file final_13.txt (compact mmCIF, C-alpha atoms)
# COMPACT_ATOMS: atom_id res chain seq x y z
CA LYS A 1 -8.71 19.16 -2.37
CA ALA A 2 -10.41 15.86 -3.17
CA GLY A 3 -8.50 12.69 -2.40
CA VAL A 4 -8.11 9.58 -4.52
CA THR A 5 -11.56 8.31 -5.40
CA GLN A 6 -12.29 4.69 -6.16
CA THR A 7 -15.55 3.31 -7.47
CA PRO A 8 -17.39 1.18 -6.78
CA ARG A 9 -16.58 0.69 -3.12
CA TYR A 10 -18.23 -2.70 -2.82
CA LEU A 11 -19.27 -5.21 -5.43
CA ILE A 12 -20.19 -8.85 -5.73
CA LYS A 13 -19.54 -10.78 -8.92
CA THR A 14 -19.98 -14.36 -10.04
CA ARG A 15 -17.15 -16.63 -11.16
CA GLY A 16 -16.44 -16.22 -14.84
CA GLN A 17 -17.70 -12.66 -15.00
CA GLN A 18 -15.48 -9.66 -15.55
CA VAL A 19 -15.18 -6.48 -13.51
CA THR A 20 -13.93 -2.95 -14.08
CA LEU A 21 -12.77 -0.76 -11.22
CA SER A 22 -12.18 2.96 -11.53
CA CYS A 23 -9.71 5.30 -9.86
CA SER A 24 -9.69 9.09 -10.03
CA PRO A 25 -6.36 10.43 -8.76
CA ILE A 26 -5.78 13.68 -6.96
CA SER A 27 -5.89 16.58 -9.38
CA GLY A 28 -2.46 17.10 -10.92
CA HIS A 29 -1.19 13.62 -10.11
CA ARG A 30 0.03 11.72 -13.15
CA SER A 31 1.13 8.44 -11.57
CA VAL A 32 -1.48 5.85 -10.64
CA SER A 33 -0.70 2.42 -9.24
CA TRP A 34 -2.93 -0.49 -8.33
CA TYR A 35 -2.59 -3.03 -5.54
CA GLN A 36 -4.44 -6.17 -4.45
CA GLN A 37 -4.83 -7.00 -0.77
CA THR A 38 -5.93 -10.41 0.47
CA PRO A 39 -5.73 -11.97 3.94
CA GLY A 40 -3.39 -14.69 2.67
CA GLN A 41 -1.02 -12.76 0.42
CA GLY A 42 -1.24 -9.31 1.94
CA LEU A 43 -0.61 -6.34 -0.33
CA GLN A 44 0.71 -7.02 -3.80
CA PHE A 45 1.54 -4.64 -6.62
CA LEU A 46 -0.52 -4.99 -9.78
CA PHE A 47 0.63 -2.23 -12.13
CA GLU A 48 1.64 1.40 -12.36
CA TYR A 49 0.68 3.95 -14.99
CA PHE A 50 2.25 7.27 -15.76
CA SER A 51 1.00 9.59 -18.48
CA GLU A 52 -1.16 6.85 -20.02
CA THR A 53 1.73 4.37 -20.22
CA GLN A 54 2.12 1.25 -18.13
CA ARG A 55 5.48 1.69 -16.47
CA ASN A 56 5.63 -1.35 -14.20
CA LYS A 57 3.69 -4.57 -13.86
CA GLY A 58 3.46 -7.04 -11.01
CA ASN A 59 3.35 -10.80 -11.19
CA PHE A 60 -0.31 -11.30 -12.01
CA PRO A 61 -1.93 -13.28 -14.85
CA GLY A 62 -3.04 -11.60 -18.03
CA ARG A 63 -6.64 -11.59 -16.77
CA PHE A 64 -5.64 -8.48 -14.87
CA SER A 65 -5.28 -5.42 -17.05
CA GLY A 66 -5.47 -1.70 -16.72
CA ARG A 67 -5.30 1.57 -18.53
CA GLN A 68 -4.92 5.25 -17.87
CA PHE A 69 -6.72 8.03 -19.66
CA SER A 70 -5.45 11.44 -20.69
CA ASN A 71 -7.00 13.00 -17.57
CA SER A 72 -4.97 10.52 -15.45
CA ARG A 73 -8.05 8.58 -14.38
CA SER A 74 -7.35 4.87 -14.42
CA GLU A 75 -9.32 1.69 -14.70
CA MET A 76 -8.40 -1.88 -13.98
CA ASN A 77 -10.19 -4.87 -15.38
CA VAL A 78 -10.26 -8.46 -14.25
CA SER A 79 -11.70 -10.96 -16.71
CA THR A 80 -12.92 -14.50 -16.06
CA LEU A 81 -13.16 -13.92 -12.33
CA GLU A 82 -12.03 -16.64 -9.94
CA LEU A 83 -12.92 -17.07 -6.27
CA GLY A 84 -9.33 -16.16 -5.40
CA ASP A 85 -9.76 -12.73 -6.95
CA SER A 86 -11.88 -11.73 -3.96
CA ALA A 87 -9.86 -8.93 -2.42
CA LEU A 88 -9.54 -5.27 -1.61
CA TYR A 89 -8.21 -3.44 -4.66
CA LEU A 90 -6.40 -0.24 -3.82
CA CYS A 91 -5.37 2.58 -6.08
CA ALA A 92 -2.72 5.14 -5.24
CA SER A 93 -1.65 8.33 -6.93
CA SER A 94 1.32 10.64 -6.74
CA LEU A 95 2.85 13.54 -8.62
CA GLY A 96 5.04 12.62 -11.57
CA GLY A 97 7.63 9.98 -10.84
CA GLY A 98 5.58 7.58 -8.75
CA VAL A 99 7.07 5.91 -5.71
CA LEU A 100 10.66 6.63 -6.73
CA SER A 101 10.31 10.37 -6.87
CA GLY A 102 10.06 11.11 -3.19
CA ASN A 103 6.56 12.46 -3.65
CA THR A 104 3.99 11.30 -1.13
CA ILE A 105 1.76 8.46 -2.25
CA TYR A 106 -1.96 8.91 -1.63
CA PHE A 107 -4.19 5.87 -1.45
CA GLY A 108 -7.89 5.57 -2.17
CA GLU A 109 -10.28 3.79 0.19
CA GLY A 110 -10.30 0.76 -2.07
CA SER A 111 -12.86 -1.38 -3.86
CA TRP A 112 -13.96 -4.51 -2.04
CA LEU A 113 -14.58 -7.27 -4.59
CA THR A 114 -16.29 -10.50 -3.61
CA VAL A 115 -16.45 -13.31 -6.16
CA VAL A 116 -19.07 -15.97 -5.48
CA LYS B 1 11.65 -16.44 2.32
CA ASN B 2 9.91 -13.08 2.18
CA GLU B 3 12.08 -10.20 1.06
CA VAL B 4 10.69 -8.07 3.87
CA GLU B 5 9.89 -9.22 7.38
CA GLN B 6 8.05 -7.24 10.03
CA SER B 7 7.94 -7.83 13.75
CA PRO B 8 5.95 -8.18 15.80
CA GLN B 9 2.90 -9.39 13.87
CA ASN B 10 0.59 -8.24 16.63
CA LEU B 11 1.21 -5.72 19.37
CA THR B 12 -1.00 -4.62 22.24
CA ALA B 13 0.02 -1.58 24.27
CA GLN B 14 -1.38 0.62 26.99
CA GLU B 15 -2.07 4.24 26.22
CA GLY B 16 1.06 6.30 26.72
CA GLU B 17 3.55 3.53 26.01
CA PHE B 18 6.47 3.88 23.62
CA ILE B 19 6.04 1.51 20.67
CA THR B 20 8.57 0.10 18.23
CA ILE B 21 7.78 -1.83 15.07
CA ASN B 22 10.63 -3.39 13.14
CA CYS B 23 11.17 -4.09 9.47
CA SER B 24 14.04 -6.10 7.98
CA TYR B 25 14.69 -6.63 4.32
CA SER B 26 17.06 -8.85 2.42
CA VAL B 27 17.81 -6.99 -0.80
CA GLY B 28 19.21 -3.64 -1.80
CA ILE B 29 16.50 -1.03 -1.85
CA SER B 30 16.08 2.48 -3.16
CA ALA B 31 13.57 3.63 -0.54
CA LEU B 32 11.53 2.28 2.35
CA HIS B 33 7.98 3.35 3.13
CA TRP B 34 5.93 3.12 6.29
CA LEU B 35 2.18 2.95 5.78
CA GLN B 36 -0.77 2.98 8.17
CA GLN B 37 -3.98 1.10 7.41
CA HIS B 38 -7.12 1.59 9.45
CA PRO B 39 -10.05 -0.84 9.62
CA GLY B 40 -12.10 -0.33 6.48
CA GLY B 41 -9.05 -0.38 4.24
CA GLY B 42 -7.80 3.17 3.78
CA ILE B 43 -4.01 3.48 3.73
CA VAL B 44 -2.02 6.55 4.68
CA SER B 45 1.62 7.00 3.75
CA LEU B 46 3.53 7.96 6.91
CA PHE B 47 7.16 8.12 5.79
CA MET B 48 9.46 7.50 2.89
CA LEU B 49 13.10 6.95 3.86
CA SER B 50 16.29 6.30 1.99
CA SER B 51 18.62 7.08 4.89
CA GLY B 52 18.73 8.37 8.45
CA LYS B 53 15.70 9.38 10.41
CA LYS B 54 12.44 11.25 9.95
CA LYS B 55 10.00 12.60 12.52
CA HIS B 56 6.40 13.67 12.21
CA GLY B 57 4.57 14.50 15.40
CA ARG B 58 4.73 11.46 17.67
CA LEU B 59 6.02 9.21 14.90
CA ILE B 60 9.68 8.58 14.21
CA ALA B 61 11.10 6.38 11.46
CA THR B 62 14.70 5.29 11.18
CA ILE B 63 16.59 3.24 8.65
CA ASN B 64 20.01 1.57 8.72
CA ILE B 65 20.96 0.77 5.15
CA GLN B 66 24.01 -1.31 6.09
CA GLU B 67 21.97 -3.52 8.42
CA LYS B 68 18.95 -3.56 6.09
CA HIS B 69 16.67 -2.60 8.93
CA SER B 70 14.10 0.08 9.66
CA SER B 71 12.06 0.91 12.73
CA LEU B 72 8.89 2.88 13.31
CA HIS B 73 8.51 4.38 16.76
CA ILE B 74 5.37 5.86 18.28
CA THR B 75 5.83 7.97 21.38
CA ALA B 76 3.01 8.50 23.91
CA SER B 77 0.76 6.04 22.11
CA HIS B 78 -2.96 6.72 21.92
CA PRO B 79 -5.95 4.50 21.12
CA ARG B 80 -6.34 6.34 17.80
CA ASP B 81 -2.93 4.91 16.80
CA SER B 82 -4.58 1.48 16.62
CA ALA B 83 -4.11 0.32 13.06
CA VAL B 84 -2.03 -1.99 10.90
CA TYR B 85 1.42 -0.60 10.14
CA ILE B 86 3.04 -1.83 6.95
CA CYS B 87 6.56 -1.37 5.70
CA ALA B 88 7.25 -1.52 2.00
CA PHE B 89 10.22 -0.86 -0.24
CA THR B 90 11.12 0.00 -3.78
CA ARG B 91 14.16 -1.50 -5.45
CA GLY B 92 16.41 0.11 -8.01
CA SER B 93 14.49 1.76 -10.78
CA GLN B 94 11.45 -0.46 -10.36
CA GLY B 95 8.53 1.73 -9.44
CA ASN B 96 6.56 -0.86 -7.53
CA LEU B 97 6.21 -1.36 -3.80
CA ILE B 98 7.03 -4.69 -2.13
CA PHE B 99 5.14 -5.01 1.13
CA GLY B 100 5.63 -6.60 4.50
CA LYS B 101 2.75 -8.51 6.08
CA GLY B 102 2.01 -5.70 8.51
CA THR B 103 1.96 -5.23 12.28
CA LYS B 104 -1.45 -4.97 13.91
CA LEU B 105 -1.25 -2.47 16.76
CA SER B 106 -3.93 -2.13 19.41
CA VAL B 107 -3.57 0.63 21.99
CA LYS B 108 -5.81 0.22 25.04
CA PRO B 109 -7.01 3.24 27.03
call {"tool": "encode", "arguments": {"input": "final_13.txt", "output": "structure tokens"}}
result
Amino acid sequence: KAGVTQTPRYLIKTRGQQVTLSCSPISGHRSVSWYQQTPGQGLQFLFEYFSETQRNKGNFPGRFSGRQFSNSRSEMNVSTLELGDSALYLCASSLGGGVLSGNTIYFGEGSWLTVV
Amino acid sequence: KNEVEQSPQNLTAQEGEFITINCSYSVGISALHWLQQHPGGGIVSLFMLSSGKKKHGRLIATINIQEKHSSLHITASHPRDSAVYICAFTRGSQGNLIFGKGTKLSVKP
């Protein structure tokens, strides 16, 4: 079956712009979580959605937001982009219960965002 | 101080060697995960542990809850094992992962 699909894979944006990244989870998975990876900070948790509700949120400014649709697909948005937002953004999905449930987490290949 | 520390940061091994990567954490956790990240970014979940030991092929993961320590072992290492290995944990009922900085493993033929 298809894995976690993230689009776009690569994008370049200018400071001050906004960006929307998309994540399609594995069919049947209801939990989607987002992570940011940078060389300096490593991997950091952004937020987790389950059945269209944000269940957990990491320590990121309000410029970072997300949502989940009824088909479990998720989007994250970053407004007023800053140079420091340049990163790999990873999405992961799992069956109901997310990382606490014991179900395996499946990651997408990520979206590489460069802010210039 | 980071809540999770991995060692070593970088590791070079010869094909066939036994490899150990360590992960120490400083808080109570509900589960510990070992992840593998290949160049290009994709991450694969290798193990999720809350106690004891798990084995999958040449990979073995152990956790000692009392000592707040976990290890990932690779037996008979192979160049295709070259990747970054990351430990991460969840805490209590919080459904978010807290990550270590990763161990970059390079296995030479």
call {"tool": "closest_residue", "arguments": {"input": "final_13.txt", "among": "B:His73, B:Lys68, B:Lys54, B:Lys101", "to": "chain A", "atoms": "only C-alpha atoms"}}
result
B:Lys101
call {"tool": "residues_near_point", "arguments": {"input": "final_13.txt", "point": "(-1.9, 5.9, 17.8)", "cutoff": "9 Å", "atoms": "only C-alpha atoms", "output": "JSON, numbers by chain"}}
result
{"B": [15, 58, 74, 75, 76, 77, 78, 79, 80, 81, 82, 83, 105, 106, 107]}
call {"tool": "residues_around", "arguments": {"input": "final_13.txt", "residues": "stretch 72-76 of chain A", "least_positions_apart": "3", "cutoff": "12 Å", "atoms": "only C-alpha atoms", "output": "PDB file with C-alpha atoms, in the coordinates of the input"}}
result
ATOM      1  CA  VAL A   4      -8.110   9.580  -4.520  1.00  0.00           C
ATOM      2  CA  THR A   5     -11.560   8.310  -5.400  1.00  0.00           C
ATOM      3  CA  GLN A   6     -12.290   4.690  -6.160  1.00  0.00           C
ATOM      4  CA  THR A   7     -15.550   3.310  -7.470  1.00  0.00           C
ATOM      5  CA  PRO A   8     -17.390   1.180  -6.780  1.00  0.00           C
ATOM      6  CA  GLN A  18     -15.480  -9.660 -15.550  1.00  0.00           C
ATOM      7  CA  VAL A  19     -15.180  -6.480 -13.510  1.00  0.00           C
ATOM      8  CA  THR A  20     -13.930  -2.950 -14.080  1.00  0.00           C
ATOM      9  CA  LEU A  21     -12.770  -0.760 -11.220  1.00  0.00           C
ATOM     10  CA  SER A  22     -12.180   2.960 -11.530  1.00  0.00           C
ATOM     11  CA  CYS A  23      -9.710   5.300  -9.860  1.00  0.00           C
ATOM     12  CA  SER A  24      -9.690   9.090 -10.030  1.00  0.00           C
ATOM     13  CA  PRO A  25      -6.360  10.430  -8.760  1.00  0.00           C
ATOM     14  CA  ILE A  26      -5.780  13.680  -6.960  1.00  0.00           C
ATOM     15  CA  SER A  27      -5.890  16.580  -9.380  1.00  0.00           C
ATOM     16  CA  GLY A  28      -2.460  17.100 -10.920  1.00  0.00           C
ATOM     17  CA  HIS A  29      -1.190  13.620 -10.110  1.00  0.00           C
ATOM     18  CA  ARG A  30       0.030  11.720 -13.150  1.00  0.00           C
ATOM     19  CA  SER A  31       1.130   8.440 -11.570  1.00  0.00           C
ATOM     20  CA  VAL A  32      -1.480   5.850 -10.640  1.00  0.00           C
ATOM     21  CA  SER A  33      -0.700   2.420  -9.240  1.00  0.00           C
ATOM     22  CA  TRP A  34      -2.930  -0.490  -8.330  1.00  0.00           C
ATOM     23  CA  TYR A  35      -2.590  -3.030  -5.540  1.00  0.00           C
ATOM     24  CA  GLN A  36      -4.440  -6.170  -4.450  1.00  0.00           C
ATOM     25  CA  LEU A  46      -0.520  -4.990  -9.780  1.00  0.00           C
ATOM     26  CA  PHE A  47       0.630  -2.230 -12.130  1.00  0.00           C
ATOM     27  CA  GLU A  48       1.640   1.400 -12.360  1.00  0.00           C
ATOM     28  CA  TYR A  49       0.680   3.950 -14.990  1.00  0.00           C
ATOM     29  CA  PHE A  50       2.250   7.270 -15.760  1.00  0.00           C
ATOM     30  CA  SER A  51       1.000   9.590 -18.480  1.00  0.00           C
ATOM     31  CA  GLU A  52      -1.160   6.850 -20.020  1.00  0.00           C
ATOM     32  CA  THR A  53       1.730   4.370 -20.220  1.00  0.00           C
ATOM     33  CA  GLN A  54       2.120   1.250 -18.130  1.00  0.00           C
ATOM     34  CA  GLY A  62      -3.040 -11.600 -18.030  1.00  0.00           C
ATOM     35  CA  ARG A  63      -6.640 -11.590 -16.770  1.00  0.00           C
ATOM     36  CA  PHE A  64      -5.640  -8.480 -14.870  1.00  0.00           C
ATOM     37  CA  SER A  65      -5.280  -5.420 -17.050  1.00  0.00           C
ATOM     38  CA  GLY A  66      -5.470  -1.700 -16.720  1.00  0.00           C
ATOM     39  CA  ARG A  67      -5.300   1.570 -18.530  1.00  0.00           C
ATOM     40  CA  GLN A  68      -4.920   5.250 -17.870  1.00  0.00           C
ATOM     41  CA  PHE A  69      -6.720   8.030 -19.660  1.00  0.00           C
ATOM     42  CA  SER A  79     -11.700 -10.960 -16.710  1.00  0.00           C
ATOM     43  CA  TYR A  89      -8.210  -3.440  -4.660  1.00  0.00           C
ATOM     44  CA  LEU A  90      -6.400  -0.240  -3.820  1.00  0.00           C
ATOM     45  CA  CYS A  91      -5.370   2.580  -6.080  1.00  0.00           C
ATOM     46  CA  ALA A  92      -2.720   5.140  -5.240  1.00  0.00           C
ATOM     47  CA  SER A  93      -1.650   8.330  -6.930  1.00  0.00           C
ATOM     48  CA  SER A  94       1.320  10.640  -6.740  1.00  0.00           C
ATOM     49  CA  LEU A  95       2.850  13.540  -8.620  1.00  0.00           C
ATOM     50  CA  GLY A  96       5.040  12.620 -11.570  1.00  0.00           C
ATOM     51  CA  SER A 111     -12.860  -1.380  -3.860  1.00  0.00           C
TER      52      SER A 111
END
call {"tool": "closest_atom_pairs", "arguments": {"input": "final_13.txt", "of": "chain B", "to": "chain A", "cutoff": "7 Å", "atoms": "all atoms listed in the file", "output": "tab-separated table"}}
result
residue	atom	partner	partner_atom	distance
B:Gly41	CA	A:Glu109	CA	5.9
B:Gly42	CA	A:Glu109	CA	4.4
B:Ile43	CA	A:Phe107	CA	5.7
B:Val44	CA	A:Phe107	CA	6.5
B:Ser45	CA	A:Ile105	CA	6.2
B:Gly95	CA	A:Val99	CA	5.8
B:Asn96	CA	A:Phe45	CA	6.3
B:Leu97	CA	A:Phe45	CA	6.4
B:Ile98	CA	A:Gln44	CA	6.9
B:Phe99	CA	A:Leu43	CA	6.1
B:Lys101	CA	A:Gly42	CA	5.8
call {"tool": "atom_distance", "arguments": {"input": "final_13.txt", "atom1": "atom CA of B:Cys87", "atom2": "atom CA of B:Gly57"}}
result
18.7 Å
call {"tool": "residues_around", "arguments": {"input": "final_13.txt", "residues": "B:Leu32", "least_positions_apart": "3", "cutoff": "12 Å", "atoms": "only C-alpha atoms", "output": "PyMOL selection string"}}
result
(chain A and resi 99-100+102) or (chain B and resi 4+23-25+27-29+35+45-54+61-65+68-72+86-92+96-100)
call {"tool": "atom_distance", "arguments": {"input": "final_13.txt", "atom1": "atom CA of A:Gly84", "atom2": "atom CA of B:Val84"}}
result
22.8 Å
call {"tool": "closest_residue", "arguments": {"input": "final_13.txt", "among": "B:Thr103, B:Gln36, B:Ser26, B:Gln66", "to": "B:Asn2", "atoms": "only C-alpha atoms"}}
result
B:Ser26
call {"tool": "atom_distance", "arguments": {"input": "final_13.txt", "atom1": "atom CA of B:Gly102", "atom2": "atom CA of A:Tyr10"}}
result
23.4 Å
call {"tool": "residues_near_point", "arguments": {"input": "final_13.txt", "point": "(0.7, -8.8, 21.9)", "cutoff": "10 Å", "atoms": "all atoms listed in the file", "output": "JSON, numbers by chain"}}
result
{"B": [8, 9, 10, 11, 12, 13, 104, 105, 106]}
